[in-house]
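Peer 1: Here's a structure for you.
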Amino acid sequence: MDTRRKNQDRILKFLMILCAGVTFLVLLLIIGYILFRGLHELTWNLVSTEPNNLTGNIGILPNIMNTLYIILVAMVIVLPLGVGAAIYLTEYSKKKWLQDLIGFASEILTGIPSILFGLVGMLVFIQIGGLKQGILAGALTLVLMVLPTIISNTRESLMTVPRSFREGALALGSGKWHMIRTVVLPNALDGIITGCILAVGRITSESAALLFTAGFGLKLIGFAQALQSSSATLTVALYIYASERGEYDIAFAIAIVLMAITLALNLLATHTAKKIQEKRG
């Protein structure tokens, strides 16, 4: 019987290693193909200039800046909302039906296609709210998309903090909010950072919703002006160059820039979390 179990464990271990290897191989193939198609088009001129129809110059600097703008605005709005909602549901709310309702709503929002978010964002923020196509309307639409991710990851992280931590802080005379701020949140930081990383990845990769809300503008403008002016992000620019202009190699070069920005932001978030933990430790 022991020999049979050992054989089963070996088979299952082999299958898990095989699945992990296949997944890693697929990832390498995708990244390798993107680099193969786009690396020769990735030049300093491409990433440091704006497009010019008169000279035929192709530049994606406006799209890089618009992507950073929309990440900044969306995260500034969604982080307080998502973390605050998760704290209320985990630490304050005693109504089980409310927690179940919000959890169900979050799951529904996660499964809605992004194109529908774009249509809703155009209707609510532009036609009803009076905003113009731009970074602000696009960021508000993305907030609706990534809010469930922030809430669910923060809630799960908060629930992993041992109950004894809360009871010990309260027993020492700490108030409820002080206990949450100084004991619970620092110990749940990893989950919050994970939610932020997932949210930034969703924001960076989104295009369908931004076609209706952020617009197609390829001109380099300032942050304040971009909030209410048509501003294409890197994903929208990738769509334009690939589907409308047939510049597939340029599209692959933009994909390389997207991967680099996403990786850099993730490393920055991880590094910041470690620094905060070191200071508190």
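In the structure tokens, chains take letters A, B, ... by order of appearance, with residues numbered from 1 within each chain and ligands from 1 in the order shown.
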Any idea what's packed within 9 Å of segment 88-105 of chain A, counting only C-alpha atoms, ignoring anything in its chain fewer than 2 positions away? Could you give it as an NGL selection string?
Peer 2: :A and (83-86 or 107-110 or 148 or 151-152 or 155 or 158-159 or 176 or 180)
Peer 1: Just the residues within 12 Å of Arg166 of chain A, please, counting only C-alpha atoms, with nothing from its chain fewer than 6 positions along; format it as a ChimeraX atom specification.
Peer 2: /A:91,158-160,172-185,187
Peer 1: For Arg37 of chain A, which residue among A:Phe223, A:Phe14, A:Phe24, A:Tyr248 is the nearest when counting only C-alpha atoms?
Peer 2: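 The answer is A:Tyr248, which sits nearest to Arg37 of chain A.
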Peer 1: Which neighbours of segment 62-71 of chain A fall inside 7 Å, counting only C-alpha atoms, when residues of the same chain fewer than 4 positions from it are skipped, and could you give them as a short mmCIF file (atom, residue, chain, number, x, y, z; two decimals) with C-alpha atoms, in the first residue's frame?
Peer 2:
```cif
data_model
loop_
_atom_site.label_atom_id
_atom_site.label_comp_id
_atom_site.auth_asym_id
_atom_site.auth_seq_id
_atom_site.Cartn_x
_atom_site.Cartn_y
_atom_site.Cartn_z
CA GLU A 50 5.68 62.10 -30.98
CA MET A 75 -4.80 54.16 -8.58
CA ILE A 135 -7.51 60.51 -19.03
CA ALA A 139 -9.42 56.38 -15.36
CA VAL A 200 -1.89 48.05 -12.48
CA ILE A 203 -5.01 49.09 -16.23
CA THR A 204 -1.88 48.88 -18.36
CA LEU A 218 -1.60 60.85 -30.27
CA LYS A 219 -0.41 64.39 -29.52
CA LEU A 220 1.98 65.10 -26.64
CA PHE A 223 -1.14 66.17 -17.52
CA SER A 231 -5.37 60.74 -25.16
CA ALA A 232 -4.39 57.30 -26.46
CA THR A 233 -2.55 54.95 -24.11
CA LEU A 234 0.01 52.41 -25.29
CA ALA A 237 -1.76 52.95 -29.88
#
```
Peer 1: Do you have the atom CA of Thr141 of chain A-atom CA of His271 of chain A distance handy?
Peer 2: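 That distance, rounded to one decimal, is 28.3 Å.
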Peer 1: Using only C-alpha atoms, which of A:Leu28, A:Asp249, A:Ser229, A:Leu263 sits nearest Ile126 of chain A?
Peer 2: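 Result for the nearest residue to Ile126 of chain A: A:Ser229.
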Peer 1: I need the residue nearest Ile150 of chain A from this list: A:Thr23, A:Asn52, A:Ser106, A:Thr3. Use only C-alpha atoms for the distance.
Peer 2: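 Looking only at the distances to Ile150 of chain A, the closest residue turns out to be A:Ser106.
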Peer 1: Residues at most 9 Å from Phe117 of chain A, counting only C-alpha atoms, excluding those fewer than 2 positions away in the same chain, as a list in words?
Peer 2: Ile112, Pro113, Ser114, Ile115, Leu119, Val120, Gly121, Met122, Thr141, Leu142, Leu144, Met145, Ala208 and Ala209 of chain A
Peer 1: Keeping all heavy atoms, export the residues of the selection given above as a short mmCIF file (atom, residue, chain, number, x, y, z; two decimals), in the first residue's frame.
Peer 2:
```
data_model
loop_
_atom_site.label_atom_id
_atom_site.label_comp_id
_atom_site.auth_asym_id
_atom_site.auth_seq_id
_atom_site.Cartn_x
_atom_site.Cartn_y
_atom_site.Cartn_z
N ILE A 112 -17.60 40.82 -16.10
CA ILE A 112 -18.18 41.63 -17.18
C ILE A 112 -17.12 41.96 -18.22
O ILE A 112 -16.02 42.39 -17.87
CB ILE A 112 -18.80 42.92 -16.62
CG1 ILE A 112 -19.99 42.59 -15.72
CG2 ILE A 112 -19.24 43.85 -17.75
CD1 ILE A 112 -20.61 43.80 -15.07
N PRO A 113 -17.39 41.79 -19.52
CA PRO A 113 -16.42 42.13 -20.56
C PRO A 113 -16.05 43.61 -20.52
O PRO A 113 -16.88 44.47 -20.22
CB PRO A 113 -17.15 41.78 -21.87
CG PRO A 113 -18.20 40.79 -21.47
CD PRO A 113 -18.61 41.16 -20.09
N SER A 114 -14.79 43.90 -20.81
CA SER A 114 -14.30 45.27 -20.70
C SER A 114 -14.98 46.22 -21.68
O SER A 114 -15.10 47.41 -21.40
CB SER A 114 -12.79 45.30 -20.91
OG SER A 114 -12.44 44.76 -22.16
N ILE A 115 -15.43 45.71 -22.81
CA ILE A 115 -16.09 46.57 -23.80
C ILE A 115 -17.38 47.15 -23.21
O ILE A 115 -17.76 48.29 -23.52
CB ILE A 115 -16.38 45.79 -25.10
CG1 ILE A 115 -16.83 46.72 -26.21
CG2 ILE A 115 -17.41 44.69 -24.86
CD1 ILE A 115 -15.75 47.61 -26.74
N LEU A 119 -18.61 51.12 -22.72
CA LEU A 119 -19.90 51.70 -23.10
C LEU A 119 -20.56 52.39 -21.90
O LEU A 119 -21.11 53.50 -22.03
CB LEU A 119 -20.81 50.61 -23.65
CG LEU A 119 -20.40 50.00 -25.00
CD1 LEU A 119 -21.29 48.82 -25.34
CD2 LEU A 119 -20.45 51.05 -26.11
N VAL A 120 -20.51 51.73 -20.73
CA VAL A 120 -21.08 52.34 -19.52
C VAL A 120 -20.32 53.60 -19.14
O VAL A 120 -20.91 54.62 -18.77
CB VAL A 120 -21.08 51.32 -18.36
CG1 VAL A 120 -21.47 52.00 -17.05
CG2 VAL A 120 -22.03 50.17 -18.66
N GLY A 121 -19.00 53.55 -19.24
CA GLY A 121 -18.19 54.73 -18.92
C GLY A 121 -18.50 55.89 -19.85
O GLY A 121 -18.58 57.05 -19.40
N MET A 122 -18.65 55.61 -21.13
CA MET A 122 -18.99 56.67 -22.09
C MET A 122 -20.35 57.27 -21.78
O MET A 122 -20.54 58.49 -21.83
CB MET A 122 -18.98 56.10 -23.51
CG MET A 122 -19.29 57.13 -24.59
SD MET A 122 -19.28 56.42 -26.25
CE MET A 122 -20.65 55.25 -26.13
N THR A 141 -13.47 54.94 -15.56
CA THR A 141 -13.97 53.66 -16.09
C THR A 141 -13.12 52.50 -15.60
O THR A 141 -13.64 51.45 -15.21
CB THR A 141 -13.98 53.69 -17.62
OG1 THR A 141 -14.76 54.81 -18.07
CG2 THR A 141 -14.57 52.41 -18.19
N LEU A 142 -11.80 52.68 -15.59
CA LEU A 142 -10.92 51.62 -15.12
C LEU A 142 -11.07 51.38 -13.62
O LEU A 142 -10.87 50.26 -13.15
CB LEU A 142 -9.46 51.98 -15.45
CG LEU A 142 -9.11 51.99 -16.94
CD1 LEU A 142 -7.69 52.47 -17.14
CD2 LEU A 142 -9.27 50.60 -17.54
N LEU A 144 -13.86 51.31 -12.03
CA LEU A 144 -14.95 50.35 -11.91
C LEU A 144 -14.48 48.93 -12.20
O LEU A 144 -14.98 47.96 -11.62
CB LEU A 144 -16.08 50.72 -12.88
CG LEU A 144 -16.74 52.09 -12.70
CD1 LEU A 144 -17.80 52.30 -13.78
CD2 LEU A 144 -17.34 52.22 -11.31
N MET A 145 -13.48 48.80 -13.09
CA MET A 145 -13.02 47.48 -13.50
C MET A 145 -12.11 46.85 -12.45
O MET A 145 -12.17 45.64 -12.22
CB MET A 145 -12.28 47.58 -14.84
CG MET A 145 -13.14 48.06 -15.98
SD MET A 145 -12.23 48.26 -17.52
CE MET A 145 -11.69 46.58 -17.82
N ALA A 208 -10.00 48.06 -24.81
CA ALA A 208 -11.38 48.14 -25.29
C ALA A 208 -12.16 49.24 -24.58
O ALA A 208 -12.86 50.04 -25.21
CB ALA A 208 -12.08 46.80 -25.11
N ALA A 209 -12.06 49.31 -23.25
CA ALA A 209 -12.80 50.32 -22.50
C ALA A 209 -12.29 51.73 -22.79
O ALA A 209 -13.06 52.69 -22.76
CB ALA A 209 -12.70 50.03 -21.00
#
```
Peer 1: With distances taken over only C-alpha atoms, which of A:Leu258, A:Asn53, A:Phe252, A:Arg163 is nearest to Glu41 of chain A?
Peer 2: A:Phe252
Peer 1: Applying 9 Å and only C-alpha atoms, which residues near Leu189 of chain A remain after dropping the ones on its own chain fewer than 3 positions away? List them as a ChimeraX atom specification.
Peer 2: /A:154,157-158,184-186,192-194,273,276-277
Peer 1: From the set A:Ala169, A:Thr149, A:Asn45, A:Asp9, which residue has the shortest atom-to-atom contact distance to Asn57 of chain A, counting only C-alpha atoms?
Peer 2: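 Residue with the minimum atom-to-atom distance to Asn57 of chain A: A:Asn45.
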Peer 1: If I take atom CA of Met259 of chain A and atom CA of Ile31 of chain A, how far is one from the other in Å, to one decimal?
Peer 2: 9.1 Å
Peer 1: Could you tell me how far atom CA of Thr43 of chain A sits from atom CA of Ile197 of chain A, in Å to one decimal place?
Peer 2: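 For atom CA of Ile197 of chain A relative to atom CA of Thr43 of chain A, the distance reads 27.7 Å.
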Peer 1: Using only C-alpha atoms, pick whichever of A:Gly138, A:Gly111, A:Pro51, A:Gly195 has the shortest atom-to-atom distance to Leu79 of chain A.
Peer 2: A:Gly195
